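Read through the structure below, which is laid out as structure tokens, and then see the notes.
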Amino acid sequence: MLEGGLSYDKWQFMVGPEIHSQIGMLKYMSKDLDGAQKHFAKASARNYMAKAMQGALHYQRKDFPAMKRSFEAAVTAGKKEPLVWAVYAWCLVQNKEKDEALRVLGRGVEANPSDEKLKNSLSALQNDKKLKMKPYEPMWWQFGLETPPPQMLGGGGGGRRVQFNPRR
């Protein structure tokens with residue numbers, strides 16, 4: 001359905017890049033990384049979540065220079081979104097670039113001085129503690145960088161199961 005909207009690209013400014021952003025994110029979350037990468041290449045630079053997912057995709061493929069470029073675009077467009085700063089820092093920590101991660105979180109706190117989650121993440125890293133992503137749940141799980149706990153996967157936790165039925 002979204003791909004059908006691409007026909008409006010020549011009629012409406014920025015429609016094409018935004019639709020490519022949405023398709024890329026959907027393909028990324030459904031683990032079609034090649035399809036996601038094609039759409040992210042045409043995605044809007046203003047869609048910080050698409051740029052962050054593109055950074056996570058590059059991280060998974062171990063293309064660290066491209067990862068940093070994507071995350072820099074994400075934090076530029078979404079400087080008020082703590083999750084984007086945290087995911088960027090998490091990827092850097094996993095790549096053994098703790099000093100760079102500290103600088104990223106420092107910039108995030110500077111851009112969001114009242115955000116306690118970012119302050120706590122920065123403090124944990126400064127004190128040689130693990131960077132915990134629990135405060136950024138459930139949005140954190142859409143990046144697919146860690147396996148969610150069983151209760152998030154629909155097994156065992158006694159939570160409600162939500163089923164979506166397509167409209168006809």
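Following the order of the structure tokens, chains are lettered A, B, ..., residues in each are numbered from 1, and ligands are numbered from 1.
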Residue contacts of Met25 (chain A) (10 Å, only C-alpha atoms) excluding same-chain residues fewer than 3 positions away, as a ChimeraX atom specification:
/A:19-22,28-33,35-37,39-40,43,49-54,142-143
Selection near Leu125 (chain A), 12 Å with only C-alpha atoms, sequence-local residues under 3 positions removed, as a list of chain:residue names:
A:Ala86, A:Ala89, A:Trp90, A:Leu92, A:Val93, A:Glu97, A:Lys98, A:Asp99, A:Glu100, A:Ala101, A:Leu102, A:Arg103, A:Val104, A:Leu105, A:Gly106, A:Leu118, A:Lys119, A:Asn120, A:Ser121, A:Leu122, A:Asp128, A:Lys129, A:Lys130, A:Leu131, A:Lys132
If you run DSSP on this backbone, which residues of chain A come out as alpha helix (DSSP H), and could you give them as an NGL selection string?
:A and (2-5 or 15-29 or 33-40 or 48-60 or 64-77 or 82-94 or 98-111 or 116-126)
Atomic separation - CA of Ser70 (chain A) relative to CA of Pro17 (chain A), Å
15.3 Å
Smallest atom-to-atom distance to Ser44 (chain A): which of A:Leu26, A:Ala56, A:Ala73, A:Ala111, using only C-alpha atoms?
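Smallest distance to Ser44 (chain A) is found for A:Ala73.
Taking CA of Lys42 (chain A) and CA of Tyr88 (chain A) as the two end points, the separation is 21.1 Å.
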Just checking: using only C-alpha atoms, which residue out of A:Ser114, A:Val84, A:Arg107, A:Ser123 ends up closest to Trp140 (chain A)?
A:Val84
Mind checking which residues fall within 9 Å of Pro82 (chain A), counting only C-alpha atoms, ignoring those fewer than 6 positions away in the same chain, and posting them as an MDAnalysis selection string?
chainID A and resid 108:109 112 115 117:118 136
Restricting the calculation to only C-alpha atoms, which member of A:Trp141, A:Asn95, A:Pro148, A:Ala124 is positioned closest to Asp63 (chain A)?
A:Asn95
